[in-house]
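The next block is model38.pdb, given as PDB, C-alpha atoms.
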ATOM      1  CA  MET I   1       7.156   9.072 -11.444
ATOM      2  CA  ILE I   2       6.906  10.469 -14.959
ATOM      3  CA  TYR I   3       9.392  11.439 -17.617
ATOM      4  CA  ASN I   4       9.156  15.040 -18.805
ATOM      5  CA  LYS I   5      10.239  15.160 -22.463
ATOM      6  CA  GLU I   6      10.681  18.942 -22.539
ATOM      7  CA  LYS I   7      12.938  19.015 -19.477
ATOM      8  CA  LYS I   8      14.459  15.623 -20.357
ATOM      9  CA  GLN I   9      14.238  14.443 -16.777
ATOM     10  CA  THR I  10      12.238  12.233 -14.458
ATOM     11  CA  GLU I  11       9.774  13.951 -12.137
ATOM     12  CA  TYR I  12       8.081  12.592  -9.044
ATOM     13  CA  ILE I  13       4.382  13.360  -9.015
ATOM     14  CA  SER I  14       3.581  12.108  -5.524
ATOM     15  CA  HIS I  15       3.556  14.796  -2.867
ATOM     16  CA  SER I  16       3.812  12.276  -0.063
ATOM     17  CA  ALA I  17       6.549   9.896  -1.201
ATOM     18  CA  LYS I  18      10.249  10.654  -1.259
ATOM     19  CA  PRO I  19      12.359   9.026  -3.968
ATOM     20  CA  ALA I  20      14.048   6.833  -1.321
ATOM     21  CA  ASP I  21      10.644   5.659  -0.086
ATOM     22  CA  ALA I  22       9.531   4.849  -3.619
ATOM     23  CA  VAL I  23      12.358   2.335  -4.125
ATOM     24  CA  ALA I  24      12.387   0.940  -0.571
ATOM     25  CA  TRP I  25      10.536  -2.145  -1.837
ATOM     26  CA  LYS I  26      13.766  -3.277  -3.471
ATOM     27  CA  VAL I  27      15.171  -4.052  -0.007
ATOM     28  CA  GLY I  28      11.917  -5.468   1.347
ATOM     29  CA  LYS I  29      10.484  -2.313   2.896
ATOM     30  CA  LEU I  30       7.000  -0.920   2.451
ATOM     31  CA  ILE I  31       6.748   2.755   3.351
ATOM     32  CA  PHE I  32       3.389   4.472   3.232
ATOM     33  CA  LYS I  33       3.099   8.174   4.026
ATOM     34  CA  SER I  34      -0.492   9.426   3.851
ATOM     35  CA  ARG I  35      -1.396   7.021   1.037
ATOM     36  CA  ASP I  36      -4.865   5.869   0.034
ATOM     37  CA  LEU I  37      -5.603   2.308   1.069
ATOM     38  CA  ASN I  38      -6.171   1.269  -2.542
ATOM     39  CA  GLU I  39      -2.517   2.156  -3.293
ATOM     40  CA  VAL I  40      -1.330   0.399  -0.139
ATOM     41  CA  ILE I  41      -3.261  -2.756  -1.029
ATOM     42  CA  ALA I  42      -1.813  -2.756  -4.552
ATOM     43  CA  ASP I  43       1.731  -2.652  -3.115
ATOM     44  CA  ILE I  44       0.986  -5.401  -0.584
ATOM     45  CA  GLN I  45      -0.576  -7.642  -3.234
ATOM     46  CA  ARG I  46       2.459  -7.187  -5.452
ATOM     47  CA  LYS I  47       5.018  -7.801  -2.678
ATOM     48  CA  TYR I  48       3.354 -10.868  -1.148
ATOM     49  CA  ASN I  49       1.707 -12.213  -4.319
ATOM     50  CA  VAL I  50      -1.740 -12.371  -2.707
ATOM     51  CA  LYS I  51      -5.248 -11.219  -3.589
ATOM     52  CA  ILE I  52      -6.899  -8.728  -1.225
ATOM     53  CA  ARG I  53     -10.465  -7.466  -1.561
ATOM     54  CA  VAL I  54     -11.497  -4.284   0.182
ATOM     55  CA  GLU I  55     -14.959  -2.895   0.764
ATOM     56  CA  GLU I  56     -15.619   0.313  -1.148
ATOM     57  CA  ALA I  57     -15.909   2.320   2.093
ATOM     58  CA  TYR I  58     -12.203   1.769   2.789
ATOM     59  CA  LEU I  59     -10.609   2.454  -0.569
ATOM     60  CA  HIS I  60      -9.756   6.053   0.241
ATOM     61  CA  CYS I  61      -8.787   5.631   3.880
ATOM     62  CA  VAL I  62      -5.392   7.212   4.445
ATOM     63  CA  VAL I  63      -2.576   5.008   5.718
ATOM     64  CA  THR I  64       0.769   5.975   7.214
ATOM     65  CA  ALA I  65       2.928   2.999   8.174
ATOM     66  CA  ASP I  66       6.395   1.557   7.638
ATOM     67  CA  PHE I  67       7.070  -2.163   7.303
ATOM     68  CA  ASN I  68      10.609  -3.506   7.198
ATOM     69  CA  ASN I  69      10.520  -7.047   5.807
ATOM     70  CA  GLU I  70       7.495  -7.883   7.943
ATOM     71  CA  PRO I  71       5.545 -11.078   7.263
ATOM     72  CA  LEU I  72       2.180 -10.634   5.567
ATOM     73  CA  ALA I  73       0.282 -11.603   8.725
ATOM     74  CA  ARG I  74       1.931  -8.752  10.652
ATOM     75  CA  VAL I  75       1.240  -6.198   7.891
ATOM     76  CA  LEU I  76      -2.432  -7.161   7.762
ATOM     77  CA  LYS I  77      -2.716  -7.106  11.562
ATOM     78  CA  VAL I  78      -1.344  -3.554  11.690
ATOM     79  CA  LEU I  79      -3.707  -2.415   8.930
ATOM     80  CA  ALA I  80      -6.627  -3.981  10.789
ATOM     81  CA  LYS I  81      -5.738  -2.020  13.929
ATOM     82  CA  LEU I  82      -5.086   1.243  12.095
ATOM     83  CA  LEU I  83      -8.383   1.152  10.235
ATOM     84  CA  ASN I  84     -10.493  -0.709  12.793
ATOM     85  CA  ILE I  85     -11.349  -3.436  10.307
ATOM     86  CA  THR I  86     -11.595  -7.204  10.193
ATOM     87  CA  ILE I  87      -9.479  -9.325   7.902
ATOM     88  CA  LYS I  88     -10.602 -12.795   6.845
ATOM     89  CA  HIS I  89      -8.818 -15.318   4.666
ATOM     90  CA  GLU I  90     -11.234 -17.345   2.595
ATOM     91  CA  ASN I  91     -11.260 -18.939  -0.851
ATOM     92  CA  GLY I  92      -7.584 -18.109  -1.402
ATOM     93  CA  GLU I  93      -7.894 -14.368  -0.816
ATOM     94  CA  TYR I  94      -7.958 -11.873   2.004
ATOM     95  CA  LYS I  95     -11.087  -9.820   2.601
ATOM     96  CA  LEU I  96     -11.078  -6.541   4.536
ATOM     97  CA  THR I  97     -14.426  -5.587   6.022
ATOM     98  CA  GLY I  98     -15.800  -3.075   8.488
ATOM     99  CA  ASN I  99     -17.666   0.210   8.807
ATOM    100  CA  GLY I 100     -15.333   2.445   6.776
ATOM    101  CA  CYS I 101     -13.082   5.248   7.843
TER     102      CYS I 101
END
For the structure just supplied, provide its representation as structure tokens.
Amino acid sequence: MIYNKEKKQTEYISHSAKPADAVAWKVGKLIFKSRDLNEVIADIQRKYNVKIRVEEAYLHCVVTADFNNEPLARVLKVLAKLLNITIKHENGEYKLTGNGC
């Protein structure tokens, strides 16, 4: 979302997110519609206050998924299935590995 000074209004720059989806996090929802994994991971890290490392091959994988107040373990399990990856928890962080999308 950006503020356009000339038009004096807020504009949404994402083609894939609706305004309602963008604020869904306020009620515990995570809604991803054709979003790059790097954006998805940033949202998950922020919501669950965790550190997640992703192999370079996955950063631009596209994710479409909705989570409604799901626990972190469930969110990561769904991502693992969607992207055919492995998730390990070690040294206080989660690590996503695999062959890439």
In Å and to one decimal, atom CA of I:Tyr94 is distant from atom CA of I:Lys33 by 23.0 Å
Once the PyMOL selection byres ((chain I and resi 76) around 12) has been applied to the shown file, what residues remain in the selection, as number ranges by chain? I: 40-41, 44-45, 48, 50, 52, 65, 67, 70-75, 77-89, 94-96
Report, as JSON, the centre and edge lengths in Å (one decimal) of the axis-aligned box enclosing every listed atom of stretch 44-62 of chain I, padded by 3 Å on each side.
{"center_x": -5.4, "center_y": -2.6, "center_z": -0.5, "size_x": 26.9, "size_y": 25.6, "size_z": 15.9}
Rebuild stretch 28-39 of chain I so that it carries all heavy atoms, then output the result as a tab-separated table (two decimals), in the frame of the given file.
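Saved the output as selection.tsv:
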chain	number	residue	atom	x	y	z
I	28	GLY	N	12.92	-4.82	0.53
I	28	GLY	CA	11.92	-5.47	1.35
I	28	GLY	C	11.08	-4.55	2.21
I	28	GLY	O	10.27	-5.03	3.00
I	29	LYS	N	11.24	-3.25	2.07
I	29	LYS	CA	10.48	-2.31	2.90
I	29	LYS	C	9.23	-1.83	2.17
I	29	LYS	O	9.23	-1.69	0.96
I	29	LYS	CB	11.34	-1.09	3.25
I	29	LYS	CG	12.53	-1.41	4.09
I	29	LYS	CD	13.32	-0.14	4.39
I	29	LYS	CE	14.56	-0.46	5.20
I	29	LYS	NZ	15.36	0.74	5.45
I	30	LEU	N	8.20	-1.58	2.95
I	30	LEU	CA	7.00	-0.92	2.45
I	30	LEU	C	6.83	0.34	3.29
I	30	LEU	O	6.69	0.25	4.50
I	30	LEU	CB	5.78	-1.82	2.60
I	30	LEU	CG	5.73	-3.07	1.74
I	30	LEU	CD1	4.55	-3.94	2.13
I	30	LEU	CD2	5.63	-2.69	0.27
I	31	ILE	N	6.86	1.48	2.65
I	31	ILE	CA	6.75	2.76	3.35
I	31	ILE	C	5.56	3.51	2.78
I	31	ILE	O	5.53	3.81	1.58
I	31	ILE	CB	8.04	3.59	3.21
I	31	ILE	CG1	9.21	2.81	3.80
I	31	ILE	CG2	7.88	4.94	3.90
I	31	ILE	CD1	10.56	3.44	3.57
I	32	PHE	N	4.60	3.77	3.65
I	32	PHE	CA	3.39	4.47	3.23
I	32	PHE	C	3.25	5.75	4.05
I	32	PHE	O	3.14	5.70	5.26
I	32	PHE	CB	2.16	3.59	3.45
I	32	PHE	CG	2.28	2.24	2.80
I	32	PHE	CD1	2.33	1.09	3.56
I	32	PHE	CD2	2.33	2.12	1.42
I	32	PHE	CE1	2.43	-0.16	2.97
I	32	PHE	CE2	2.45	0.88	0.81
I	32	PHE	CZ	2.50	-0.26	1.59
I	33	LYS	N	3.26	6.87	3.38
I	33	LYS	CA	3.10	8.17	4.03
I	33	LYS	C	1.84	8.83	3.47
I	33	LYS	O	1.83	9.28	2.33
I	33	LYS	CB	4.31	9.08	3.77
I	33	LYS	CG	5.63	8.50	4.18
I	33	LYS	CD	5.81	8.48	5.66
I	33	LYS	CE	7.23	8.03	5.99
I	33	LYS	NZ	7.33	7.27	7.18
I	34	SER	N	0.79	8.82	4.25
I	34	SER	CA	-0.49	9.43	3.85
I	34	SER	C	-0.95	8.93	2.48
I	34	SER	O	-1.23	9.71	1.58
I	34	SER	CB	-0.39	10.95	3.86
I	34	SER	OG	-0.07	11.41	5.14
I	35	ARG	N	-1.00	7.61	2.31
I	35	ARG	CA	-1.40	7.02	1.04
I	35	ARG	C	-2.78	6.41	1.15
I	35	ARG	O	-3.16	5.87	2.17
I	35	ARG	CB	-0.40	5.93	0.63
I	35	ARG	CG	1.02	6.43	0.52
I	35	ARG	CD	1.67	6.32	-0.82
I	35	ARG	NE	1.31	5.29	-1.72
I	35	ARG	CZ	2.01	4.17	-1.91
I	35	ARG	NH1	3.09	3.92	-1.21
I	35	ARG	NH2	1.61	3.31	-2.81
I	36	ASP	N	-3.55	6.50	0.08
I	36	ASP	CA	-4.86	5.87	0.03
I	36	ASP	C	-4.71	4.36	0.17
I	36	ASP	O	-3.75	3.77	-0.36
I	36	ASP	CB	-5.57	6.16	-1.29
I	36	ASP	CG	-6.16	7.55	-1.35
I	36	ASP	OD1	-6.18	8.24	-0.32
I	36	ASP	OD2	-6.62	7.93	-2.44
I	37	LEU	N	-5.66	3.74	0.85
I	37	LEU	CA	-5.60	2.31	1.07
I	37	LEU	C	-5.54	1.53	-0.24
I	37	LEU	O	-4.86	0.51	-0.32
I	37	LEU	CB	-6.79	1.84	1.92
I	37	LEU	CG	-6.82	0.35	2.25
I	37	LEU	CD1	-5.58	-0.05	3.05
I	37	LEU	CD2	-8.08	0.00	3.01
I	38	ASN	N	-6.22	2.00	-1.27
I	38	ASN	CA	-6.17	1.27	-2.54
I	38	ASN	C	-4.74	1.18	-3.08
I	38	ASN	O	-4.35	0.16	-3.64
I	38	ASN	CB	-7.14	1.85	-3.58
I	38	ASN	CG	-6.88	3.29	-3.91
I	38	ASN	OD1	-6.24	4.03	-3.15
I	38	ASN	ND2	-7.38	3.72	-5.03
I	39	GLU	N	-3.92	2.20	-2.89
I	39	GLU	CA	-2.52	2.16	-3.29
I	39	GLU	C	-1.72	1.21	-2.40
I	39	GLU	O	-0.87	0.46	-2.88
I	39	GLU	CB	-1.90	3.55	-3.21
I	39	GLU	CG	-2.49	4.56	-4.16
I	39	GLU	CD	-1.93	5.96	-3.91
I	39	GLU	OE1	-0.76	6.07	-3.50
I	39	GLU	OE2	-2.66	6.93	-4.13
